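**Student:** Got upload.pdb for you, PDB, C-alpha atoms:
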ATOM      1  CA  MET A  22      86.079 -94.005  13.561
ATOM      2  CA  LYS A  23      88.421 -95.776  11.151
ATOM      3  CA  ARG A  24      87.952 -93.049   8.524
ATOM      4  CA  LYS A  25      88.714 -90.354  11.108
ATOM      5  CA  THR A  26      91.904 -92.155  12.141
ATOM      6  CA  LEU A  27      93.018 -92.368   8.504
ATOM      7  CA  GLN A  28      92.394 -88.648   8.085
ATOM      8  CA  TRP A  29      94.584 -87.878  11.124
ATOM      9  CA  ILE A  30      97.326 -90.134   9.754
ATOM     10  CA  LYS A  31      97.198 -88.259   6.443
ATOM     11  CA  VAL A  32      97.446 -84.935   8.246
ATOM     12  CA  LEU A  33     100.434 -86.149  10.262
ATOM     13  CA  LEU A  34     102.155 -87.461   7.137
ATOM     14  CA  VAL A  35     101.644 -84.131   5.381
ATOM     15  CA  LEU A  36     103.074 -82.278   8.404
ATOM     16  CA  VAL A  37     106.086 -84.598   8.578
ATOM     17  CA  LEU A  38     106.725 -84.166   4.846
ATOM     18  CA  ALA A  39     106.397 -80.385   5.093
ATOM     19  CA  TRP A  40     108.805 -80.275   8.049
ATOM     20  CA  SER A  41     111.313 -82.505   6.236
ATOM     21  CA  LEU A  42     111.192 -80.343   3.119
ATOM     22  CA  PHE A  43     111.668 -77.229   5.250
ATOM     23  CA  LYS A  44     114.737 -78.744   6.955
ATOM     24  CA  ILE A  45     116.230 -79.756   3.611
ATOM     25  CA  TYR A  46     115.592 -76.288   2.196
ATOM     26  CA  THR A  47     117.141 -74.651   5.265
ATOM     27  CA  TYR A  48     120.236 -76.861   5.080
ATOM     28  CA  TYR A  49     120.877 -76.088   1.421
ATOM     29  CA  LYS A  50     120.186 -72.411   1.997
ATOM     30  CA  ASN A  51     122.767 -72.366   4.813
ATOM     31  CA  ASP A  52     125.235 -74.302   2.676
ATOM     32  CA  ARG A  53     124.855 -71.831  -0.197
ATOM     33  CA  ALA A  54     125.294 -68.884   2.164
ATOM     34  CA  TYR A  55     128.448 -70.463   3.605
ATOM     35  CA  LYS A  56     129.930 -71.007   0.144
ATOM     36  CA  ASN A  57     129.209 -67.369  -0.691
ATOM     37  CA  LEU A  58     130.898 -66.298   2.551
ATOM     38  CA  MET A  59     134.034 -68.312   1.748
ATOM     39  CA  ALA A  60     134.034 -66.955  -1.808
ATOM     40  CA  THR A  61     133.985 -63.437  -0.323
ATOM     41  CA  TYR A  62     136.878 -64.385   1.962
ATOM     42  CA  ALA A  63     138.833 -65.742  -1.016
ATOM     43  CA  GLU A  64     138.292 -62.480  -2.901
ATOM     44  CA  GLU A  65     139.419 -60.485   0.144
ATOM     45  CA  ARG A  66     142.467 -62.733   0.522
ATOM     46  CA  ASP A  67     143.454 -62.444  -3.141
ATOM     47  CA  ARG A  68     142.937 -58.686  -3.142
ATOM     48  CA  THR A  69     145.183 -58.288  -0.080
ATOM     49  CA  LEU A  70     147.909 -60.516  -1.517
ATOM     50  CA  SER A  71     147.722 -58.721  -4.861
ATOM     51  CA  ALA A  72     148.098 -55.323  -3.170
ATOM     52  CA  LEU A  73     151.146 -56.592  -1.275
ATOM     53  CA  ALA A  74     152.712 -57.975  -4.456
ATOM     54  CA  THR A  75     152.210 -54.616  -6.182
ATOM     55  CA  ALA A  76     153.838 -52.796  -3.253
ATOM     56  CA  GLU A  77     156.776 -55.235  -3.264
ATOM     57  CA  GLN A  78     157.482 -54.596  -6.929
ATOM     58  CA  GLY A  79     158.705 -51.142  -6.011
ATOM     59  CA  ALA A  80     160.819 -52.294  -3.074
ATOM     60  CA  GLU A  81     164.569 -52.471  -3.692
ATOM     61  CA  ASP A  82     165.101 -55.691  -1.740
ATOM     62  CA  SER A  83     162.006 -57.557  -2.964
ATOM     63  CA  GLU A  84     163.977 -59.602  -5.509
ATOM     64  CA  THR A  85     166.296 -60.946  -2.804
ATOM     65  CA  LEU A  86     163.414 -62.607  -0.947
ATOM     66  CA  SER A  87     162.749 -66.292  -1.507
ATOM     67  CA  THR A  88     159.386 -67.597  -2.702
ATOM     68  CA  GLU A  89     158.715 -68.872   0.813
ATOM     69  CA  ALA A  90     159.542 -65.493   2.335
ATOM     70  CA  HIS A  91     157.164 -63.775  -0.096
ATOM     71  CA  GLU A  92     154.456 -66.266   0.860
ATOM     72  CA  ILE A  93     154.954 -65.653   4.579
ATOM     73  CA  LEU A  94     154.885 -61.875   4.092
ATOM     74  CA  GLY A  95     151.626 -62.241   2.206
ATOM     75  CA  ALA A  96     150.143 -64.434   4.919
ATOM     76  CA  GLN A  97     151.107 -61.915   7.611
ATOM     77  CA  ALA A  98     149.578 -59.065   5.617
ATOM     78  CA  LEU A  99     146.372 -61.067   5.231
ATOM     79  CA  VAL A 100     146.084 -61.867   8.948
ATOM     80  CA  GLU A 101     146.765 -58.256   9.879
ATOM     81  CA  HIS A 102     144.142 -57.062   7.391
ATOM     82  CA  LEU A 103     141.538 -59.516   8.686
ATOM     83  CA  HIS A 104     142.329 -58.593  12.291
ATOM     84  CA  HIS A 105     141.864 -54.930  11.466
ATOM     85  CA  GLU A 106     138.484 -55.615   9.843
ATOM     86  CA  TYR A 107     137.354 -58.235  12.373
ATOM     87  CA  PRO A 108     139.285 -57.894  15.672
ATOM     88  CA  HIS A 109     138.402 -61.415  16.826
ATOM     89  CA  VAL A 110     140.286 -62.893  13.847
ATOM     90  CA  ILE A 111     143.728 -63.737  15.233
ATOM     91  CA  ALA A 112     145.174 -66.221  12.724
ATOM     92  CA  ARG A 113     144.732 -68.157   9.500
ATOM     93  CA  LEU A 114     144.597 -71.943   9.147
ATOM     94  CA  LEU A 115     146.019 -73.229   5.867
ATOM     95  CA  ILE A 116     145.963 -76.871   4.718
ATOM     96  CA  SER A 117     146.611 -76.552   0.998
ATOM     97  CA  ASN A 118     146.299 -80.241   0.121
ATOM     98  CA  LEU A 119     142.718 -80.253   1.473
ATOM     99  CA  ASP A 120     141.823 -76.817   0.031
ATOM    100  CA  MET A 121     141.274 -75.602   3.589
ATOM    101  CA  ASP A 122     141.944 -71.903   4.113
ATOM    102  CA  PHE A 123     140.126 -70.308   7.048
ATOM    103  CA  PRO A 124     140.332 -67.212   9.217
ATOM    104  CA  VAL A 125     140.740 -68.274  12.854
ATOM    105  CA  CYS A 126     138.741 -66.448  15.519
ATOM    106  CA  GLN A 127     139.004 -66.334  19.296
ATOM    107  CA  GLY A 128     135.999 -65.260  21.333
ATOM    108  CA  ALA A 129     135.291 -64.460  24.957
ATOM    109  CA  ASP A 130     133.868 -67.977  25.287
ATOM    110  CA  ASN A 131     133.831 -71.256  23.354
ATOM    111  CA  ALA A 132     130.186 -70.906  22.356
ATOM    112  CA  PHE A 133     129.810 -67.802  20.184
ATOM    113  CA  TYR A 134     131.654 -69.083  17.100
ATOM    114  CA  LEU A 135     129.795 -72.377  17.159
ATOM    115  CA  ASP A 136     127.026 -70.567  15.278
ATOM    116  CA  HIS A 137     128.631 -67.341  14.067
ATOM    117  CA  ASP A 138     131.011 -66.872  11.143
ATOM    118  CA  TYR A 139     134.326 -65.014  11.199
ATOM    119  CA  THR A 140     132.566 -61.692  10.470
ATOM    120  CA  GLY A 141     130.425 -62.123  13.597
ATOM    121  CA  ALA A 142     127.211 -62.830  11.674
ATOM    122  CA  TYR A 143     124.973 -65.734  12.631
ATOM    123  CA  HIS A 144     125.532 -68.942  10.701
ATOM    124  CA  PRO A 145     124.898 -72.500  11.943
ATOM    125  CA  PHE A 146     128.151 -73.763  10.369
ATOM    126  CA  GLY A 147     130.085 -71.468  12.685
ATOM    127  CA  ALA A 148     133.759 -70.545  12.264
ATOM    128  CA  VAL A 149     137.155 -72.033  12.986
ATOM    129  CA  PHE A 150     138.085 -70.723  16.420
ATOM    130  CA  LEU A 151     140.834 -71.012  19.008
ATOM    131  CA  ASP A 152     139.960 -72.167  22.514
ATOM    132  CA  LYS A 153     139.356 -69.125  24.725
ATOM    133  CA  ARG A 154     142.003 -70.372  27.192
ATOM    134  CA  ASN A 155     144.780 -70.458  24.620
ATOM    135  CA  ASP A 156     147.386 -67.824  23.935
ATOM    136  CA  LYS A 157     146.590 -66.167  20.588
ATOM    137  CA  ASP A 158     150.208 -66.639  19.470
ATOM    138  CA  LEU A 159     149.923 -70.422  20.001
ATOM    139  CA  GLU A 160     152.584 -70.458  22.683
ATOM    140  CA  ASP A 161     150.727 -72.930  24.903
ATOM    141  CA  GLU A 162     151.666 -76.580  25.277
ATOM    142  CA  ASN A 163     148.431 -77.530  23.500
ATOM    143  CA  SER A 164     146.566 -75.057  21.275
ATOM    144  CA  VAL A 165     143.086 -76.190  20.249
ATOM    145  CA  LEU A 166     141.200 -75.151  17.115
ATOM    146  CA  TYR A 167     137.505 -76.038  16.800
ATOM    147  CA  GLY A 168     135.420 -76.447  13.651
ATOM    148  CA  HIS A 169     132.209 -78.226  12.730
ATOM    149  CA  ASN A 170     132.194 -81.347  10.560
ATOM    150  CA  VAL A 171     129.507 -80.456   7.994
ATOM    151  CA  GLU A 172     128.277 -83.213   5.672
ATOM    152  CA  SER A 173     128.369 -80.945   2.628
ATOM    153  CA  GLY A 174     132.144 -80.755   3.068
ATOM    154  CA  ALA A 175     132.327 -77.457   4.940
ATOM    155  CA  VAL A 176     134.692 -76.407   7.733
ATOM    156  CA  PHE A 177     136.564 -79.449   9.163
ATOM    157  CA  HIS A 178     134.864 -82.197   7.144
ATOM    158  CA  ALA A 179     137.908 -82.676   4.896
ATOM    159  CA  LEU A 180     140.054 -83.698   7.882
ATOM    160  CA  ASP A 181     138.530 -87.155   7.473
ATOM    161  CA  ALA A 182     141.254 -87.767   4.881
ATOM    162  CA  TYR A 183     143.793 -88.021   7.700
ATOM    163  CA  ARG A 184     142.302 -91.321   8.854
ATOM    164  CA  ASP A 185     144.548 -92.844   6.182
ATOM    165  CA  PRO A 186     148.179 -93.096   7.402
ATOM    166  CA  ALA A 187     149.416 -93.153   3.799
ATOM    167  CA  TYR A 188     147.719 -89.825   3.120
ATOM    168  CA  VAL A 189     149.313 -88.314   6.233
ATOM    169  CA  LYS A 190     152.775 -89.428   5.094
ATOM    170  CA  GLU A 191     152.177 -87.763   1.747
ATOM    171  CA  HIS A 192     150.808 -84.560   3.324
ATOM    172  CA  PRO A 193     152.343 -84.312   6.814
ATOM    173  CA  GLU A 194     152.074 -80.576   7.537
ATOM    174  CA  ILE A 195     149.516 -78.028   8.704
ATOM    175  CA  VAL A 196     150.204 -74.271   8.645
ATOM    176  CA  VAL A 197     148.848 -71.598  10.978
ATOM    177  CA  ASP A 198     149.762 -67.954  10.424
ATOM    178  CA  THR A 199     149.323 -65.804  13.528
ATOM    179  CA  LEU A 200     149.699 -62.061  13.860
ATOM    180  CA  GLY A 201     153.373 -62.572  14.647
ATOM    181  CA  ALA A 202     154.663 -65.718  12.968
ATOM    182  CA  ARG A 203     154.130 -68.711  10.710
ATOM    183  CA  CYS A 204     153.728 -71.973  12.629
ATOM    184  CA  ILE A 205     154.220 -75.257  10.771
ATOM    185  CA  TYR A 206     153.003 -78.432  12.465
ATOM    186  CA  GLU A 207     153.808 -82.055  11.641
ATOM    187  CA  ILE A 208     150.826 -84.411  11.961
ATOM    188  CA  VAL A 209     151.638 -87.130  14.504
ATOM    189  CA  ALA A 210     148.232 -88.321  15.724
ATOM    190  CA  VAL A 211     144.684 -88.816  14.474
ATOM    191  CA  TYR A 212     142.133 -90.204  16.892
ATOM    192  CA  GLU A 213     138.490 -90.410  17.897
ATOM    193  CA  THR A 214     137.585 -89.592  21.469
ATOM    194  CA  ASP A 215     134.682 -88.734  23.699
ATOM    195  CA  ALA A 216     133.674 -85.069  23.723
ATOM    196  CA  TYR A 217     134.222 -84.978  27.483
ATOM    197  CA  GLU A 218     137.721 -86.475  27.369
ATOM    198  CA  ASP A 219     140.471 -84.128  28.555
ATOM    199  CA  TYR A 220     142.391 -83.640  25.292
ATOM    200  CA  ARG A 221     141.973 -79.852  25.178
ATOM    201  CA  SER A 222     143.912 -78.512  28.162
ATOM    202  CA  PRO A 223     146.327 -75.671  27.278
ATOM    203  CA  SER A 224     148.985 -77.181  29.571
ATOM    204  CA  TYR A 225     149.592 -80.185  31.813
ATOM    205  CA  ASP A 226     151.517 -81.034  34.943
ATOM    206  CA  ASP A 227     153.839 -84.054  34.738
ATOM    207  CA  ALA A 228     151.179 -86.603  35.691
ATOM    208  CA  GLY A 229     148.592 -84.994  33.427
ATOM    209  CA  TRP A 230     150.997 -84.995  30.508
ATOM    210  CA  GLU A 231     151.803 -88.671  30.910
ATOM    211  CA  GLU A 232     148.099 -89.525  30.992
ATOM    212  CA  PHE A 233     147.337 -87.338  27.975
ATOM    213  CA  ALA A 234     150.245 -88.678  25.898
ATOM    214  CA  SER A 235     149.400 -92.276  26.822
ATOM    215  CA  LYS A 236     145.732 -91.904  25.814
ATOM    216  CA  VAL A 237     146.578 -90.270  22.488
ATOM    217  CA  SER A 238     149.170 -92.935  21.728
ATOM    218  CA  HIS A 239     146.653 -95.675  22.500
ATOM    219  CA  MET A 240     143.973 -94.144  20.249
ATOM    220  CA  ASN A 241     146.282 -93.005  17.445
ATOM    221  CA  LEU A 242     145.196 -94.248  14.015
ATOM    222  CA  LEU A 243     148.675 -93.498  12.655
ATOM    223  CA  GLY A 244     150.335 -96.153  14.781
ATOM    224  CA  ASP A 245     153.856 -95.396  15.977
ATOM    225  CA  GLU A 246     153.928 -91.610  15.493
ATOM    226  CA  THR A 247     154.842 -89.897  18.773
ATOM    227  CA  PHE A 248     155.302 -86.487  20.350
ATOM    228  CA  GLN A 249     157.332 -85.426  23.362
ATOM    229  CA  ARG A 250     157.092 -83.115  26.327
ATOM    230  CA  GLY A 251     158.208 -79.703  25.217
ATOM    231  CA  ASP A 252     156.650 -79.988  21.747
ATOM    232  CA  LYS A 253     154.120 -77.337  20.768
ATOM    233  CA  ILE A 254     150.923 -79.226  19.974
ATOM    234  CA  LEU A 255     148.086 -78.090  17.723
ATOM    235  CA  THR A 256     144.819 -80.006  18.206
ATOM    236  CA  LEU A 257     142.118 -79.718  15.557
ATOM    237  CA  SER A 258     138.871 -80.713  17.243
ATOM    238  CA  THR A 259     135.640 -81.484  15.388
TER     239      THR A 259
END
Using structure tokens, write down the structure from this file.
**Tutor:**
Amino acid sequence: MKRKTLQWIKVLLVLVLAWSLFKIYTYYKNDRAYKNLMATYAEERDRTLSALATAEQGAEDSETLSTEAHEILGAQALVEHLHHEYPHVIARLLISNLDMDFPVCQGADNAFYLDHDYTGAYHPFGAVFLDKRNDKDLEDENSVLYGHNVESGAVFHALDAYRDPAYVKEHPEIVVDTLGARCIYEIVAVYETDAYEDYRSPSYDDAGWEEFASKVSHMNLLGDETFQRGDKILTLST
């Protein structure tokens, strides 16, 4: 009886080991596929920006544009190109200091892009996507972008750097290029909250706003940073 029990324990240990190795293999396979996807995006981005630069060289007024204006034109061309190729891509999130550069999708629901990339293909790391309730031009009171926090460093993992107030002061801005404009946001709050907390509403009535602002202020790791009614808020949720 004892020998039989030991045999079953050995079998179970072998099964557990096999399952663990399979999960590790799957994770690294997914991570490699994601890195290849982002490398493809980078190539597509650089190709689009290069084509725009070539076209601008022949334009009479190209030399009168500032470096910033050239950059914004390039960003708009990239978003338009991505939107043409993948209609659910409606913007680009750019946080240069964290090497974060992502197409932003918006689906018919808030579930599809949890496990699909910006091309629409299945991938467990998902994509960066705008809440389905938000206006694609980010005109709402509170626009919410979602992205997974992947241990390998993918998607929104790098946002962890903003837990440090000193880092935020050194790098206070986040850029989102939509189909119509460049939006530059100043970071005023970093906080942890329950997944079911109401921090993702597109808009608030007066009482709702006061409650929302009070909760964020109370949880804010940056201390005294504030925002006011009438500000356009961008929430990165992970």
**Student:** From the list A:Asp122, A:Asp252, A:Leu257, A:Asp219, which residue is nearest Asp181 of chain A when using all atoms listed in the file?
**Tutor:**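 Looking only at the distances to Asp181 of chain A, the closest residue turns out to be A:Leu257.
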**Student:** Looking at A:Trp230, A:Tyr206, A:Tyr62, A:Tyr212, which one is nearest to Lys253 of chain A, with distances taken over only C-alpha atoms?
**Tutor:**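 Ranked by minimum distance to Lys253 of chain A, first place goes to A:Tyr206.
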**Student:** Let me make sure I understand: among A:Asn57, A:Ser238, A:Leu166, A:Asp198, which one has the smallest atom-to-atom distance to Ser222 of chain A if we use only C-alpha atoms?
**Tutor:** A:Leu166
**Student:** Please write as a list of chain:residue names the full residue list that the PyMOL selection byres ((chain A and resi 102-117) around 6) yields on this file.
**Tutor:**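 Expected selection for the PyMOL selection byres ((chain A and resi 102-117) around 6) here is A:Leu99, A:Val100, A:Glu101, A:Asn118, A:Leu119, A:Asp120, A:Met121, A:Asp122, A:Phe123, A:Pro124, A:Val125, A:Cys126, A:Gln127, A:Ile195, A:Val196, A:Val197, A:Asp198, A:Thr199.
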**Student:** Any idea what the distance is between atom CA of Leu70 of chain A and atom CA of Gly95 of chain A?
**Tutor:**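 That distance, rounded to one decimal, is 5.5 Å.
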**Student:** By how many Å are atom CA of Ala76 of chain A and atom CA of Ala60 of chain A apart?
**Tutor:** 24.4 Å
**Student:** Point out the residue among A:Gly229, A:Pro223, A:Gly147, A:Gly244 with the least atom-to-atom distance to Tyr167 of chain A, counting only C-alpha atoms.
**Tutor:** A:Gly147
**Student:** List as a VMD selection string the residues having at least one atom at most 12 Å from position (150.2, -55.1, -2.5) as given in the file, counting all atoms listed in the file.
**Tutor:** chain A and resid 66 to 80 91 94 to 96 98 to 99 102
**Student:** With distances taken over all atoms listed in the file, which residue among A:Ser87, A:Asn163, A:Gln97, A:Thr61 lies nearest Leu200 of chain A?
**Tutor:**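 When distances to Leu200 of chain A are compared using all atoms listed in the file, the smallest one comes from A:Gln97.
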**Student:** Can you pull out every residue within 12 Å of His178 of chain A, counting only C-alpha atoms, but drop anything in the same chain fewer than 2 positions away, and send it as a PyMOL selection string?
**Tutor:** chain A and resi 119-121+146+149+167-176+180-184+257-259
**Student:** Take atom CA of Ile93 of chain A and atom CA of Ala202 of chain A and report the distance between them in Å, one decimal.
**Tutor:**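 Computing the Euclidean distance for atom CA of Ile93 of chain A and atom CA of Ala202 of chain A yields 8.4 Å.
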**Student:** Env of His137 of chain A: 9 Å cut, atoms = all atoms listed in the file, seq-sep filter 4 positions within chain, self excluded. Answer as a compact mmCIF listing (two decimals) with C-alpha atoms, keeping the file's coordinate frame.
**Tutor:**
# COMPACT_ATOMS: atom_id res chain seq x y z
CA PHE A 133 129.81 -67.80 20.18
CA GLY A 141 130.43 -62.12 13.60
CA ALA A 142 127.21 -62.83 11.67
CA TYR A 143 124.97 -65.73 12.63
CA HIS A 144 125.53 -68.94 10.70
CA PRO A 145 124.90 -72.50 11.94
CA PHE A 146 128.15 -73.76 10.37
CA GLY A 147 130.08 -71.47 12.68
CA ALA A 148 133.76 -70.54 12.26
**Student:** Which one is closest to Phe248 of chain A: A:Val189, A:Glu162, A:Phe177, A:Leu58? Count only C-alpha atoms.
**Tutor:**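 Closest candidate: A:Glu162.
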